[in-house]
Amino acid sequence: MLDTALLIGLTLIVLAMAMNVYRLAIGPDIPDRLLALDTLYVNSIALIVMLGLWLNTKTYFEAAILIAMLGFVSTMAICRYLLRGDIIE
Amino acid sequence: MTFYVIAEGVIAFLLVAGGIFAFTGSLGMLQFKDFFMRLHGPTKGTTLGIGCILIASMLYFTITQRELHVQELLITLFLFITAPVTGHMLAKTGLHMHLRFITGTRGSVPEFRDEDVGQSRVARPARAKHPWKYRKAKRSRMRR
């Protein structure tokens, strides 16, 4: 049961990431692409956690924490750049 | 024995529900017609989906290794705190850059109100301006 559920979840997450990449490619404006990138890193955290469940190891959670923090900081930096024209004033 | 069967069912349900929520959030981001509508999907659906998946992982490792694992709760809390902040900053960026939006939705934000004059379905108040180009134009106008 767990294998089937994991397979379904992985398929859905990969489909969601494909849709994010499509929006990242066609996004009409810069904030659309930024939103797509933000969703892409959140989905990649889910993918890494499910890979850890699939391989039955706990090695990948540090990678998930790192991706969460760096993704938040980079999104904030690009937002500041678009809002102010400068990141650290 | 029964406990393990129930736990497996709960973990499988959380995994599938998380996948469905994340898929729905990305589908909303792909399908909606407007940036301010597109902002709704990832900030709510995807955050809930990844919360479900992380709690499923936490339950799995707690039950199989017979000791408490709460590292995933850290990621969950971090994402639940940072997702509204990211959504707020993205909405501010969209308002600042004057993105095109669909008229006819309920409620009018004061930032939208003076541009809400078009008869067509999609108002085009201004093409999205890059902030640096916009600033240069403003400066040159002020010099004149």
# chains A, B, ... in the order shown; residues from 1 in each chain; ligands from 1

$ interface_residues --of "chain B" --to "chain A" --cutoff "6 Å" --atoms "only C-alpha atoms" --output "MDAnalysis selection string"
chainID B and resid 12 15:16 19 23 26 50 93

$ select_by_dssp --residues "chain A" --states "alpha helix (DSSP H)" --output "NGL selection string"
:A and (2-26 or 30-55 or 61-84)

$ residues_around --residues "region 56-58 of chain B" --least-positions-apart "3" --cutoff "9 Å" --atoms "only C-alpha atoms" --output "PyMOL selection string"
(chain A and resi 49-50+52-53) or (chain B and resi 10-15+18+51-53+61-63+68-73)

$ residues_around --residues "region 31-34 of chain B" --least-positions-apart "5" --cutoff "8 Å" --atoms "only C-alpha atoms" --output "list in words"
Arg100, Phe101 and Ile102 of chain B

$ write_last_selection --atoms "C-alpha atoms" --output "JSON list (two decimals), in the first residue's frame"
[["chain", "number", "residue", "atom", "x", "y", "z"],
["B", 100, "ARG", "CA", -2.25, 43.73, -16.19],
["B", 101, "PHE", "CA", -5.29, 42.29, -14.43],
["B", 102, "ILE", "CA", -8.78, 41.16, -15.26]]

$ atom_distance --atom1 "CA of Arg38 (chain B)" --atom2 "CA of Gly25 (chain B)"
9.2 Å

$ atom_distance --atom1 "CA of Leu55 (chain A)" --atom2 "CA of Gln65 (chain B)"
14.3 Å
